[in-house]
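Trainee: First, the structure itself, so that you have it in front of you.
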Amino acid sequence: ARDAVMLGLTGRRWGLRRTTRADMARVDDALRWVEATDFADRRLAQLSGGQRQRVALANALVGHPKMLILDEPLAALDLRNQHEIVGLLARLNADLGVTILVVAHDLNPLLSVLDSAIYLLDGHAHYAAIDEVVDADLLTHLYGTKVQVANTLQGKMYMRSG
């Protein structure tokens, strides 16, 4: 896993290059940011989906980006790992100031941290605050199936089809 994160620093360079202590420190920092130090020295094939997602995030963060563009970062993760990754993304945004753009079809796990959305409607891109987007009529039109928007007893919003 540590080597995979190092590729975020060295993977764009041609030829052999020695890694420096500064490189190693950046890798260790990135692994700490995503809470992956416990499994940093394991093979990727030995990691769970949630652990692999953390390593992928560390790989992206090691270069100190201003923005992350994540395509379905919660796909194939169980509910616990989805919740943990969503919390991690919120912390990265708050603590590191990284703007995070997420492409997702299922918004429910992300609703607690989303502030706005870009969506395609009738071939045109639109941008709105998330509370304007999570609207039953709009979502029904976007998804092409009946979508209901409801609130839990705790006041949290969620969507469901049907």
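A note on labels: chains of the structure tokens are A, B, ... as shown, every chain counts residues from 1, and ligands are counted from 1 in their shown order.
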Name all residues at most 10 Å from Leu70 of chain A (count only C-alpha atoms; drop same-chain ones fewer than 6 positions away) and give them as a PyMOL selection string.

Mentor: chain A and resi 57+60+100-104

Trainee: Just the residues within 8 Å of Gly49 of chain A, please, counting only C-alpha atoms, with nothing from its chain fewer than 2 positions along; format it as a ChimeraX atom specification.

Mentor: /A:47,51-53,76-77

Trainee: Those same residues, written as a CSV table (one decimal), in the first residue's frame with all heavy atoms?

Mentor:
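As a result, result-v1.csv now contains:
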chain,number,residue,atom,x,y,z
A,47,LEU,N,-6.0,-6.2,1.1
A,47,LEU,CA,-6.9,-5.1,1.7
A,47,LEU,C,-8.3,-5.2,1.3
A,47,LEU,O,-8.7,-5.7,0.2
A,47,LEU,CB,-6.3,-3.7,1.3
A,47,LEU,CG,-4.9,-3.4,1.6
A,47,LEU,CD1,-4.5,-2.0,1.1
A,47,LEU,CD2,-4.6,-3.6,3.1
A,51,GLN,N,-10.3,-0.2,2.7
A,51,GLN,CA,-8.9,0.0,2.8
A,51,GLN,C,-8.3,0.4,1.5
A,51,GLN,O,-7.5,1.4,1.5
A,51,GLN,CB,-8.2,-1.2,3.4
A,51,GLN,CG,-8.6,-1.5,4.8
A,51,GLN,CD,-8.1,-2.8,5.3
A,51,GLN,OE1,-8.0,-3.8,4.6
A,51,GLN,NE2,-7.8,-2.9,6.6
A,52,ARG,N,-8.6,-0.2,0.4
A,52,ARG,CA,-8.1,0.1,-0.9
A,52,ARG,C,-8.5,1.6,-1.3
A,52,ARG,O,-7.8,2.3,-1.9
A,52,ARG,CB,-8.6,-0.8,-1.9
A,52,ARG,CG,-7.9,-2.2,-1.9
A,52,ARG,CD,-8.4,-3.1,-3.0
A,52,ARG,NE,-8.0,-4.4,-2.7
A,52,ARG,CZ,-8.3,-5.4,-3.5
A,52,ARG,NH1,-9.0,-5.2,-4.6
A,52,ARG,NH2,-7.9,-6.6,-3.2
A,53,GLN,N,-9.8,1.9,-0.9
A,53,GLN,CA,-10.2,3.3,-1.2
A,53,GLN,C,-9.4,4.3,-0.5
A,53,GLN,O,-9.1,5.3,-1.0
A,53,GLN,CB,-11.7,3.4,-0.9
A,53,GLN,CG,-12.4,4.7,-1.3
A,53,GLN,CD,-12.4,4.8,-2.9
A,53,GLN,OE1,-11.3,5.0,-3.5
A,53,GLN,NE2,-13.5,4.7,-3.4
A,76,ALA,N,-19.2,-0.3,-4.4
A,76,ALA,CA,-18.7,-1.6,-3.9
A,76,ALA,C,-18.3,-1.6,-2.5
A,76,ALA,O,-17.6,-2.5,-2.1
A,76,ALA,CB,-17.6,-2.2,-4.8
A,77,LEU,N,-18.7,-0.6,-1.7
A,77,LEU,CA,-18.3,-0.5,-0.3
A,77,LEU,C,-19.6,-0.9,0.5
A,77,LEU,O,-20.7,-0.5,0.2
A,77,LEU,CB,-17.8,0.8,0.1
A,77,LEU,CG,-16.5,1.3,-0.6
A,77,LEU,CD1,-16.2,2.7,0.0
A,77,LEU,CD2,-15.4,0.4,-0.3

Trainee: Fewer than 5 positions away in the same chain doesn't count, so skip those; otherwise give me all residues within 12 Å of Leu31 of chain A, counting only C-alpha atoms, as a CSV table (one decimal) with all heavy atoms, in the first residue's frame.

Mentor:
chain,number,residue,atom,x,y,z
A,1,ALA,N,0.8,-1.2,0.0
A,1,ALA,CA,0.0,0.0,0.0
A,1,ALA,C,0.9,1.3,0.0
A,1,ALA,O,0.6,2.2,-0.7
A,1,ALA,CB,-0.9,0.0,1.2
A,2,ARG,N,1.9,1.2,0.8
A,2,ARG,CA,2.8,2.4,0.9
A,2,ARG,C,3.4,2.7,-0.5
A,2,ARG,O,3.5,3.8,-0.9
A,2,ARG,CB,3.9,2.1,1.9
A,2,ARG,CG,4.8,3.3,2.2
A,2,ARG,CD,5.9,3.0,3.2
A,2,ARG,NE,5.4,2.4,4.4
A,2,ARG,CZ,4.8,3.1,5.4
A,2,ARG,NH1,4.7,4.4,5.3
A,2,ARG,NH2,4.3,2.5,6.5
A,3,ASP,N,3.8,1.6,-1.2
A,3,ASP,CA,4.4,1.8,-2.6
A,3,ASP,C,3.4,2.4,-3.5
A,3,ASP,O,3.7,3.3,-4.4
A,3,ASP,CB,4.9,0.5,-3.1
A,3,ASP,CG,6.1,0.0,-2.4
A,3,ASP,OD1,6.8,0.8,-1.7
A,3,ASP,OD2,6.4,-1.2,-2.5
A,4,ALA,N,2.1,2.0,-3.4
A,4,ALA,CA,1.0,2.6,-4.3
A,4,ALA,C,0.9,4.1,-4.0
A,4,ALA,O,0.7,4.8,-4.9
A,4,ALA,CB,-0.3,1.8,-4.0
A,5,VAL,N,1.0,4.5,-2.8
A,5,VAL,CA,0.9,5.9,-2.4
A,5,VAL,C,2.1,6.6,-3.0
A,5,VAL,O,2.0,7.7,-3.5
A,5,VAL,CB,0.7,6.1,-0.9
A,5,VAL,CG1,0.7,7.6,-0.6
A,5,VAL,CG2,-0.6,5.4,-0.4
A,6,MET,N,3.3,6.0,-2.9
A,6,MET,CA,4.5,6.7,-3.4
A,6,MET,C,4.4,6.9,-4.9
A,6,MET,O,4.9,7.9,-5.4
A,6,MET,CB,5.7,5.8,-3.1
A,6,MET,CG,7.0,6.3,-3.6
A,6,MET,SD,7.5,7.9,-2.8
A,6,MET,CE,8.1,7.3,-1.2
A,8,GLY,N,2.0,8.2,-6.4
A,8,GLY,CA,1.4,9.5,-6.5
A,8,GLY,C,2.4,10.6,-6.6
A,8,GLY,O,2.2,11.6,-7.2
A,24,MET,N,9.3,10.1,1.6
A,24,MET,CA,8.7,9.1,2.5
A,24,MET,C,7.8,9.8,3.6
A,24,MET,O,6.8,9.3,3.9
A,24,MET,CB,9.9,8.4,3.2
A,24,MET,CG,10.7,7.5,2.3
A,24,MET,SD,9.7,6.2,1.5
A,24,MET,CE,9.6,5.1,2.8
A,25,ALA,N,8.3,11.0,4.0
A,25,ALA,CA,7.5,11.8,5.0
A,25,ALA,C,6.1,12.2,4.4
A,25,ALA,O,5.1,12.1,5.1
A,25,ALA,CB,8.2,13.0,5.4
A,26,ARG,N,6.1,12.6,3.1
A,26,ARG,CA,4.8,13.0,2.4
A,26,ARG,C,3.9,11.8,2.3
A,26,ARG,O,2.7,11.9,2.5
A,26,ARG,CB,5.1,13.6,1.1
A,26,ARG,CG,5.6,15.0,1.2
A,26,ARG,CD,6.0,15.6,-0.1
A,26,ARG,NE,4.8,15.8,-1.0
A,26,ARG,CZ,4.9,16.4,-2.1
A,26,ARG,NH1,6.0,16.9,-2.6
A,26,ARG,NH2,3.8,16.6,-2.9
A,36,ALA,N,-4.8,5.2,7.3
A,36,ALA,CA,-4.3,4.0,6.6
A,36,ALA,C,-3.0,3.5,7.1
A,36,ALA,O,-2.4,2.6,6.6
A,36,ALA,CB,-4.3,4.1,5.1
A,37,THR,N,-2.5,4.0,8.2
A,37,THR,CA,-1.2,3.6,8.7
A,37,THR,C,-1.1,2.2,9.2
A,37,THR,O,-0.1,1.5,9.1
A,37,THR,CB,-0.6,4.6,9.8
A,37,THR,OG1,-1.6,4.6,10.8
A,37,THR,CG2,-0.4,6.0,9.2
A,38,ASP,N,-2.2,1.7,9.7
A,38,ASP,CA,-2.3,0.3,10.3
A,38,ASP,C,-2.0,-0.7,9.2
A,38,ASP,O,-1.6,-1.8,9.5
A,38,ASP,CB,-3.6,0.1,11.0
A,38,ASP,CG,-3.7,0.8,12.3
A,38,ASP,OD1,-2.7,1.4,12.7
A,38,ASP,OD2,-4.8,0.8,12.8
A,39,PHE,N,-2.4,-0.4,8.0
A,39,PHE,CA,-2.2,-1.5,6.9
A,39,PHE,C,-1.3,-1.0,5.8
A,39,PHE,O,-1.3,-1.5,4.7
A,39,PHE,CB,-3.6,-1.9,6.4
A,39,PHE,CG,-4.5,-0.8,6.0
A,39,PHE,CD1,-4.5,-0.2,4.8
A,39,PHE,CD2,-5.4,-0.3,7.0
A,39,PHE,CE1,-5.3,0.9,4.5
A,39,PHE,CE2,-6.3,0.7,6.6
A,39,PHE,CZ,-6.2,1.3,5.4
A,40,ALA,N,-0.5,0.0,6.0
A,40,ALA,CA,0.4,0.7,5.0
A,40,ALA,C,1.4,-0.3,4.4
A,40,ALA,O,1.8,-0.1,3.3
A,40,ALA,CB,1.1,1.9,5.6
A,41,ASP,N,1.8,-1.3,5.2
A,41,ASP,CA,2.8,-2.2,4.7
A,41,ASP,C,2.3,-3.5,4.2
A,41,ASP,O,3.0,-4.5,4.0
A,41,ASP,CB,3.9,-2.4,5.8
A,41,ASP,CG,4.6,-1.1,6.1
A,41,ASP,OD1,5.0,-0.4,5.2
A,41,ASP,OD2,4.8,-0.8,7.3
A,51,GLN,N,-10.3,-0.2,2.7
A,51,GLN,CA,-8.9,0.0,2.8
A,51,GLN,C,-8.3,0.4,1.5
A,51,GLN,O,-7.5,1.4,1.5
A,51,GLN,CB,-8.2,-1.2,3.4
A,51,GLN,CG,-8.6,-1.5,4.8
A,51,GLN,CD,-8.1,-2.8,5.3
A,51,GLN,OE1,-8.0,-3.8,4.6
A,51,GLN,NE2,-7.8,-2.9,6.6
A,52,ARG,N,-8.6,-0.2,0.4
A,52,ARG,CA,-8.1,0.1,-0.9
A,52,ARG,C,-8.5,1.6,-1.3
A,52,ARG,O,-7.8,2.3,-1.9
A,52,ARG,CB,-8.6,-0.8,-1.9
A,52,ARG,CG,-7.9,-2.2,-1.9
A,52,ARG,CD,-8.4,-3.1,-3.0
A,52,ARG,NE,-8.0,-4.4,-2.7
A,52,ARG,CZ,-8.3,-5.4,-3.5
A,52,ARG,NH1,-9.0,-5.2,-4.6
A,52,ARG,NH2,-7.9,-6.6,-3.2
A,53,GLN,N,-9.8,1.9,-0.9
A,53,GLN,CA,-10.2,3.3,-1.2
A,53,GLN,C,-9.4,4.3,-0.5
A,53,GLN,O,-9.1,5.3,-1.0
A,53,GLN,CB,-11.7,3.4,-0.9
A,53,GLN,CG,-12.4,4.7,-1.3
A,53,GLN,CD,-12.4,4.8,-2.9
A,53,GLN,OE1,-11.3,5.0,-3.5
A,53,GLN,NE2,-13.5,4.7,-3.4
A,54,ARG,N,-9.1,4.0,0.8
A,54,ARG,CA,-8.2,4.9,1.6
A,54,ARG,C,-6.8,5.1,0.9
A,54,ARG,O,-6.3,6.2,0.9
A,54,ARG,CB,-8.1,4.4,3.0
A,54,ARG,CG,-9.4,4.6,3.8
A,54,ARG,CD,-9.2,3.9,5.2
A,54,ARG,NE,-10.5,3.9,5.8
A,54,ARG,CZ,-11.0,4.9,6.6
A,54,ARG,NH1,-10.2,6.0,6.8
A,54,ARG,NH2,-12.1,4.9,7.2
A,55,VAL,N,-6.3,3.9,0.4
A,55,VAL,CA,-5.0,4.0,-0.2
A,55,VAL,C,-5.0,4.8,-1.5
A,55,VAL,O,-4.2,5.6,-1.8
A,55,VAL,CB,-4.4,2.6,-0.5
A,55,VAL,CG1,-3.2,2.6,-1.4
A,55,VAL,CG2,-4.1,1.8,0.8
A,56,ALA,N,-6.1,4.7,-2.3
A,56,ALA,CA,-6.3,5.4,-3.5
A,56,ALA,C,-6.4,6.9,-3.1
A,56,ALA,O,-5.9,7.8,-3.9
A,56,ALA,CB,-7.5,5.0,-4.2
A,57,LEU,N,-7.1,7.3,-2.1
A,57,LEU,CA,-7.2,8.7,-1.6
A,57,LEU,C,-5.8,9.2,-1.2
A,57,LEU,O,-5.5,10.3,-1.6
A,57,LEU,CB,-8.2,8.8,-0.5
A,57,LEU,CG,-9.7,8.7,-0.9
A,57,LEU,CD1,-10.6,8.6,0.3
A,57,LEU,CD2,-10.1,9.9,-1.8
A,58,ALA,N,-5.1,8.4,-0.5
A,58,ALA,CA,-3.7,8.8,-0.1
A,58,ALA,C,-2.8,9.0,-1.3
A,58,ALA,O,-2.1,10.0,-1.4
A,58,ALA,CB,-3.1,7.8,0.8
A,59,ASN,N,-3.0,8.2,-2.3
A,59,ASN,CA,-2.2,8.3,-3.6
A,59,ASN,C,-2.5,9.7,-4.2
A,59,ASN,O,-1.7,10.4,-4.7
A,59,ASN,CB,-2.6,7.2,-4.5
A,59,ASN,CG,-2.0,7.4,-5.9
A,59,ASN,OD1,-2.5,8.1,-6.7
A,59,ASN,ND2,-0.9,6.7,-6.1
A,60,ALA,N,-3.8,10.1,-4.2
A,60,ALA,CA,-4.2,11.3,-4.8
A,60,ALA,C,-3.8,12.5,-3.9
A,60,ALA,O,-3.4,13.6,-4.4
A,60,ALA,CB,-5.7,11.4,-5.0
A,61,LEU,N,-3.8,12.4,-2.6
A,61,LEU,CA,-3.5,13.5,-1.7
A,61,LEU,C,-2.0,13.7,-1.5
A,61,LEU,O,-1.6,14.8,-1.2
A,61,LEU,CB,-4.1,13.2,-0.3
A,61,LEU,CG,-5.6,13.3,-0.2
A,61,LEU,CD1,-6.1,12.7,1.1
A,61,LEU,CD2,-6.0,14.7,-0.4
A,62,VAL,N,-1.1,12.7,-1.8
A,62,VAL,CA,0.3,12.9,-1.5
A,62,VAL,C,0.9,14.0,-2.4
A,62,VAL,O,1.9,14.6,-1.9
A,62,VAL,CB,1.0,11.5,-1.8
A,62,VAL,CG1,1.2,11.2,-3.2
A,62,VAL,CG2,2.4,11.5,-1.1

Trainee: Under the rule that only C-alpha atoms are counted, which of A:Leu138, A:Val86, A:Leu9, A:Val149 is the nearest residue to His126 of chain A?

Mentor: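 Once distances to His126 of chain A are computed over only C-alpha atoms, the minimum belongs to A:Leu138.
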
Trainee: Give me, as a compact mmCIF listing (two decimals) with N, CA, C and O atoms, in the first residue's frame, the residues of chain A that a backbone DSSP run labels alpha helix (DSSP H).

Mentor:
# COMPACT_ATOMS: atom_id res chain seq x y z
N ARG A 2 1.93 1.23 0.80
CA ARG A 2 2.83 2.39 0.86
C ARG A 2 3.43 2.69 -0.52
O ARG A 2 3.53 3.85 -0.93
N ASP A 3 3.82 1.64 -1.24
CA ASP A 3 4.38 1.83 -2.59
C ASP A 3 3.36 2.43 -3.54
O ASP A 3 3.71 3.25 -4.39
N ALA A 4 2.10 2.02 -3.40
CA ALA A 4 1.05 2.58 -4.26
C ALA A 4 0.87 4.07 -4.01
O ALA A 4 0.65 4.85 -4.94
N VAL A 5 0.99 4.48 -2.76
CA VAL A 5 0.89 5.91 -2.44
C VAL A 5 2.12 6.65 -2.98
O VAL A 5 1.99 7.75 -3.52
N MET A 6 3.29 6.04 -2.89
CA MET A 6 4.51 6.65 -3.41
C MET A 6 4.38 6.94 -4.91
O MET A 6 4.93 7.93 -5.40
N LEU A 7 3.66 6.08 -5.63
CA LEU A 7 3.46 6.32 -7.06
C LEU A 7 2.76 7.65 -7.33
O LEU A 7 2.91 8.22 -8.40
N GLY A 8 2.02 8.15 -6.36
CA GLY A 8 1.41 9.47 -6.50
C GLY A 8 2.45 10.57 -6.62
O GLY A 8 2.18 11.63 -7.18
N LEU A 9 3.64 10.32 -6.09
CA LEU A 9 4.75 11.29 -6.21
C LEU A 9 5.66 10.97 -7.38
O LEU A 9 6.13 11.86 -8.08
N THR A 10 5.97 9.70 -7.58
CA THR A 10 7.02 9.32 -8.53
C THR A 10 6.48 8.70 -9.81
O THR A 10 7.25 8.50 -10.75
N ARG A 21 13.92 11.18 1.88
CA ARG A 21 13.23 11.18 3.18
C ARG A 21 12.01 12.08 3.13
O ARG A 21 11.00 11.81 3.76
N ALA A 22 12.13 13.16 2.39
CA ALA A 22 10.98 14.08 2.25
C ALA A 22 9.83 13.37 1.54
O ALA A 22 8.67 13.54 1.92
N ASP A 23 10.15 12.57 0.50
CA ASP A 23 9.11 11.79 -0.19
C ASP A 23 8.45 10.82 0.78
O ASP A 23 7.21 10.71 0.82
N MET A 24 9.25 10.12 1.55
CA MET A 24 8.72 9.15 2.51
C MET A 24 7.84 9.84 3.55
O MET A 24 6.79 9.32 3.94
N ALA A 25 8.25 11.02 3.98
CA ALA A 25 7.46 11.77 4.97
C ALA A 25 6.11 12.18 4.37
O ALA A 25 5.08 12.12 5.05
N ARG A 26 6.11 12.59 3.10
CA ARG A 26 4.85 12.96 2.45
C ARG A 26 3.92 11.76 2.32
O ARG A 26 2.72 11.88 2.52
N VAL A 27 4.48 10.60 2.00
CA VAL A 27 3.69 9.38 1.91
C VAL A 27 3.10 9.04 3.28
O VAL A 27 1.90 8.74 3.40
N ASP A 28 3.91 9.11 4.31
CA ASP A 28 3.43 8.82 5.66
C ASP A 28 2.33 9.80 6.08
O ASP A 28 1.34 9.41 6.70
N ASP A 29 2.50 11.08 5.73
CA ASP A 29 1.47 12.08 6.03
C ASP A 29 0.16 11.73 5.33
O ASP A 29 -0.91 11.78 5.93
N ALA A 30 0.25 11.39 4.05
CA ALA A 30 -0.96 11.06 3.29
C ALA A 30 -1.65 9.83 3.88
O ALA A 30 -2.88 9.80 3.99
N LEU A 31 -0.88 8.84 4.28
CA LEU A 31 -1.46 7.65 4.90
C LEU A 31 -2.13 8.00 6.23
O LEU A 31 -3.19 7.47 6.56
N ARG A 32 -1.55 8.92 6.98
CA ARG A 32 -2.17 9.36 8.23
C ARG A 32 -3.46 10.12 7.96
O ARG A 32 -4.45 9.94 8.67
N TRP A 33 -3.47 10.99 6.95
CA TRP A 33 -4.67 11.77 6.63
C TRP A 33 -5.87 10.87 6.37
O TRP A 33 -6.99 11.22 6.70
N GLY A 49 -12.11 -3.51 0.44
CA GLY A 49 -12.48 -2.42 -0.47
C GLY A 49 -12.34 -1.05 0.18
O GLY A 49 -11.86 -0.11 -0.44
N GLY A 50 -12.75 -0.93 1.44
CA GLY A 50 -12.62 0.34 2.14
C GLY A 50 -11.17 0.73 2.35
O GLY A 50 -10.81 1.90 2.24
N GLN A 51 -10.33 -0.25 2.65
CA GLN A 51 -8.90 0.03 2.82
C GLN A 51 -8.27 0.44 1.50
O GLN A 51 -7.46 1.38 1.45
N ARG A 52 -8.65 -0.23 0.44
CA ARG A 52 -8.11 0.15 -0.89
C ARG A 52 -8.54 1.56 -1.26
O ARG A 52 -7.77 2.31 -1.88
N GLN A 53 -9.77 1.91 -0.91
CA GLN A 53 -10.24 3.27 -1.22
C GLN A 53 -9.41 4.30 -0.45
O GLN A 53 -9.07 5.34 -0.99
N ARG A 54 -9.05 4.00 0.78
CA ARG A 54 -8.20 4.91 1.56
C ARG A 54 -6.82 5.05 0.92
O ARG A 54 -6.27 6.15 0.86
N VAL A 55 -6.27 3.93 0.44
CA VAL A 55 -4.96 3.98 -0.22
C VAL A 55 -5.05 4.82 -1.50
O VAL A 55 -4.16 5.63 -1.79
N ALA A 56 -6.12 4.65 -2.26
CA ALA A 56 -6.31 5.45 -3.48
C ALA A 56 -6.41 6.93 -3.14
O ALA A 56 -5.86 7.78 -3.86
N LEU A 57 -7.11 7.26 -2.06
CA LEU A 57 -7.20 8.66 -1.65
C LEU A 57 -5.82 9.19 -1.22
O LEU A 57 -5.46 10.32 -1.56
N ALA A 58 -5.08 8.38 -0.49
CA ALA A 58 -3.73 8.81 -0.09
C ALA A 58 -2.85 9.05 -1.31
O ALA A 58 -2.08 10.01 -1.36
N ASN A 59 -2.98 8.18 -2.31
CA ASN A 59 -2.23 8.34 -3.56
C ASN A 59 -2.54 9.68 -4.20
O ASN A 59 -1.66 10.37 -4.70
N ALA A 60 -3.80 10.06 -4.19
CA ALA A 60 -4.21 11.34 -4.77
C ALA A 60 -3.76 12.52 -3.91
O ALA A 60 -3.39 13.57 -4.44
N LEU A 61 -3.78 12.35 -2.60
CA LEU A 61 -3.46 13.46 -1.70
C LEU A 61 -1.97 13.73 -1.53
O LEU A 61 -1.59 14.84 -1.16
N LEU A 79 -22.00 -0.59 3.94
CA LEU A 79 -22.54 0.63 4.56
C LEU A 79 -21.57 1.26 5.56
O LEU A 79 -21.43 2.48 5.60
N ARG A 80 -20.89 0.45 6.36
CA ARG A 80 -19.94 0.99 7.33
C ARG A 80 -18.82 1.73 6.63
O ARG A 80 -18.46 2.86 7.00
N ASN A 81 -18.25 1.13 5.59
CA ASN A 81 -17.16 1.78 4.86
C ASN A 81 -17.64 3.00 4.11
O ASN A 81 -16.92 4.00 4.00
N GLN A 82 -18.87 2.97 3.58
CA GLN A 82 -19.42 4.17 2.94
C GLN A 82 -19.46 5.32 3.94
O GLN A 82 -19.02 6.43 3.65
N HIS A 83 -19.99 5.04 5.12
CA HIS A 83 -20.10 6.06 6.16
C HIS A 83 -18.71 6.59 6.54
O HIS A 83 -18.51 7.81 6.69
N GLU A 84 -17.75 5.70 6.70
CA GLU A 84 -16.39 6.12 7.08
C GLU A 84 -15.73 6.96 5.98
O GLU A 84 -15.07 7.96 6.28
N ILE A 85 -15.90 6.57 4.72
CA ILE A 85 -15.29 7.33 3.62
C ILE A 85 -15.95 8.70 3.50
O ILE A 85 -15.26 9.71 3.28
N VAL A 86 -17.25 8.78 3.67
CA VAL A 86 -17.94 10.08 3.63
C VAL A 86 -17.40 10.99 4.74
O VAL A 86 -17.09 12.15 4.50
N GLY A 87 -17.25 10.46 5.95
CA GLY A 87 -16.68 11.25 7.04
C GLY A 87 -15.25 11.67 6.74
O GLY A 87 -14.86 12.80 7.04
N LEU A 88 -14.49 10.77 6.16
CA LEU A 88 -13.11 11.07 5.80
C LEU A 88 -13.06 12.20 4.76
O LEU A 88 -12.26 13.14 4.89
N LEU A 89 -13.91 12.15 3.76
CA LEU A 89 -13.94 13.20 2.75
C LEU A 89 -14.29 14.55 3.37
O LEU A 89 -13.69 15.57 3.02
N ALA A 90 -15.23 14.55 4.30
CA ALA A 90 -15.60 15.80 4.97
C ALA A 90 -14.42 16.35 5.76
O ALA A 90 -14.15 17.56 5.74
N ARG A 91 -13.68 15.47 6.45
CA ARG A 91 -12.50 15.92 7.22
C ARG A 91 -11.40 16.44 6.30
O ARG A 91 -10.75 17.44 6.61
N LEU A 92 -11.17 15.76 5.18
CA LEU A 92 -10.14 16.21 4.25
C LEU A 92 -10.48 17.59 3.71
O LEU A 92 -9.61 18.46 3.59
N ASN A 93 -11.74 17.79 3.40
CA ASN A 93 -12.19 19.10 2.92
C ASN A 93 -11.97 20.17 3.98
O ASN A 93 -11.42 21.23 3.71
N ALA A 94 -12.37 19.87 5.22
CA ALA A 94 -12.26 20.85 6.29
C ALA A 94 -10.82 21.08 6.74
O ALA A 94 -10.38 22.22 6.89
N ASP A 95 -10.07 20.01 6.94
CA ASP A 95 -8.72 20.12 7.51
C ASP A 95 -7.66 20.51 6.49
O ASP A 95 -6.73 21.23 6.83
N LEU A 96 -7.78 20.01 5.27
CA LEU A 96 -6.76 20.29 4.26
C LEU A 96 -7.19 21.36 3.26
O LEU A 96 -6.39 21.80 2.43
N ILE A 130 -27.62 21.93 -2.64
CA ILE A 130 -28.10 20.56 -2.54
C ILE A 130 -29.56 20.49 -2.12
O ILE A 130 -30.31 19.64 -2.60
N ASP A 131 -30.04 21.42 -1.28
CA ASP A 131 -31.44 21.36 -0.87
C ASP A 131 -32.39 21.72 -2.02
O ASP A 131 -33.56 21.36 -1.99
N GLU A 132 -31.89 22.38 -3.04
CA GLU A 132 -32.70 22.64 -4.24
C GLU A 132 -32.71 21.43 -5.17
O GLU A 132 -33.65 21.21 -5.92
N VAL A 133 -31.64 20.64 -5.14
CA VAL A 133 -31.51 19.48 -6.01
C VAL A 133 -32.29 18.29 -5.46
O VAL A 133 -32.89 17.53 -6.21
N ALA A 136 -38.24 15.96 -5.11
CA ALA A 136 -38.85 14.76 -5.70
C ALA A 136 -39.12 14.93 -7.19
O ALA A 136 -38.83 14.03 -7.99
N ASP A 137 -39.67 16.06 -7.60
CA ASP A 137 -39.99 16.26 -9.02
C ASP A 137 -38.73 16.30 -9.87
O ASP A 137 -38.66 15.67 -10.93
N LEU A 138 -37.73 17.06 -9.42
CA LEU A 138 -36.47 17.16 -10.18
C LEU A 138 -35.79 15.80 -10.26
O LEU A 138 -35.36 15.37 -11.34
N LEU A 139 -35.68 15.10 -9.15
CA LEU A 139 -35.00 13.81 -9.14
C LEU A 139 -35.75 12.77 -9.96
O LEU A 139 -35.14 11.94 -10.64
N THR A 140 -37.07 12.82 -9.93
CA THR A 140 -37.87 11.92 -10.77
C THR A 140 -37.55 12.15 -12.23
O THR A 140 -37.36 11.20 -13.00
N HIS A 141 -37.45 13.40 -12.63
CA HIS A 141 -37.11 13.73 -14.01
C HIS A 141 -35.68 13.28 -14.35
O HIS A 141 -35.44 12.68 -15.39
N LEU A 142 -34.74 13.56 -13.44
CA LEU A 142 -33.34 13.21 -13.68
C LEU A 142 -33.12 11.71 -13.80
O LEU A 142 -32.41 11.23 -14.68
N TYR A 143 -33.72 10.95 -12.89
CA TYR A 143 -33.50 9.50 -12.85
C TYR A 143 -34.45 8.73 -13.76
O TYR A 143 -34.24 7.54 -14.00

Trainee: Kindly indicate which residue among A:Asn151, A:Thr99, A:Gln46, A:Thr19 lies nearest to Val134 of chain A, using only C-alpha atoms for the distances.

Mentor: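 Counting only C-alpha atoms, the residue closest to Val134 of chain A is A:Asn151.
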
Trainee: Residues of segment 4-115 of chain A that have any atom at most 12 Å from an atom of segment 153-158 of chain A: could you tabulate them with the shortest-distance atom pair and the distance in Å to one decimal, using only C-alpha atoms, ordered by chain and increasing number, as CSV?

Mentor:
residue,atom,partner,partner_atom,distance
A:Asp106,CA,A:Tyr158,CA,10.3
A:Leu107,CA,A:Tyr158,CA,8.4
A:Asn108,CA,A:Tyr158,CA,5.6
A:Pro109,CA,A:Tyr158,CA,8.6
A:Leu110,CA,A:Tyr158,CA,9.9
A:Leu111,CA,A:Met157,CA,7.3
A:Ser112,CA,A:Lys156,CA,7.8
A:Val113,CA,A:Lys156,CA,11.5
A:Leu114,CA,A:Met157,CA,11.7

Trainee: One decimal, in Å: what's the spacing between atom CA of Val34 of chain A and atom CA of Ala117 of chain A?

Mentor: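 Taking atom CA of Val34 of chain A as the start and atom CA of Ala117 of chain A as the end point, the length is 24.3 Å.
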
Trainee: I want to know what sits within 7 Å of Ser161 of chain A, based on only C-alpha atoms, with residues of the same chain fewer than 2 positions away left out; could you give that as a VMD selection string?

Mentor: chain A and resid 145 to 148 159

Trainee: Keeping N, CA and C atoms for every residue in the selection just given, could you write it to a file as a PDB file, in the first residue's frame?

Mentor:
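Resulting contents of part_5.pdb:
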ATOM      1  N   THR A 145     -37.407   7.765 -13.121  1.00  0.00           N
ATOM      2  CA  THR A 145     -38.246   6.880 -12.321  1.00  0.00           C
ATOM      3  C   THR A 145     -38.740   7.671 -11.122  1.00  0.00           C
ATOM      4  N   LYS A 146     -39.844   7.264 -10.555  1.00  0.00           N
ATOM      5  CA  LYS A 146     -40.428   7.968  -9.420  1.00  0.00           C
ATOM      6  C   LYS A 146     -39.450   7.963  -8.240  1.00  0.00           C
ATOM      7  N   VAL A 147     -39.142   9.148  -7.724  1.00  0.00           N
ATOM      8  CA  VAL A 147     -38.267   9.304  -6.564  1.00  0.00           C
ATOM      9  C   VAL A 147     -39.027  10.070  -5.493  1.00  0.00           C
ATOM     10  N   GLN A 148     -38.962   9.542  -4.283  1.00  0.00           N
ATOM     11  CA  GLN A 148     -39.569  10.212  -3.136  1.00  0.00           C
ATOM     12  C   GLN A 148     -38.460  10.763  -2.254  1.00  0.00           C
ATOM     13  N   MET A 159     -33.572   9.790   0.001  1.00  0.00           N
ATOM     14  CA  MET A 159     -34.359   9.588  -1.213  1.00  0.00           C
ATOM     15  C   MET A 159     -34.566   8.103  -1.403  1.00  0.00           C
TER      16      MET A 159
END

Trainee: Running DSSP on the backbone, which parts of segment 1-115 of chain A land in strand (DSSP E), as a ChimeraX atom specification?

Mentor: /A:67-71,99-103

Trainee: With only C-alpha atoms as the basis for distance, which of A:Ala129, A:Asp71, A:Arg17, A:Arg42 is at the shortest distance from His105 of chain A?

Mentor: A:Asp71
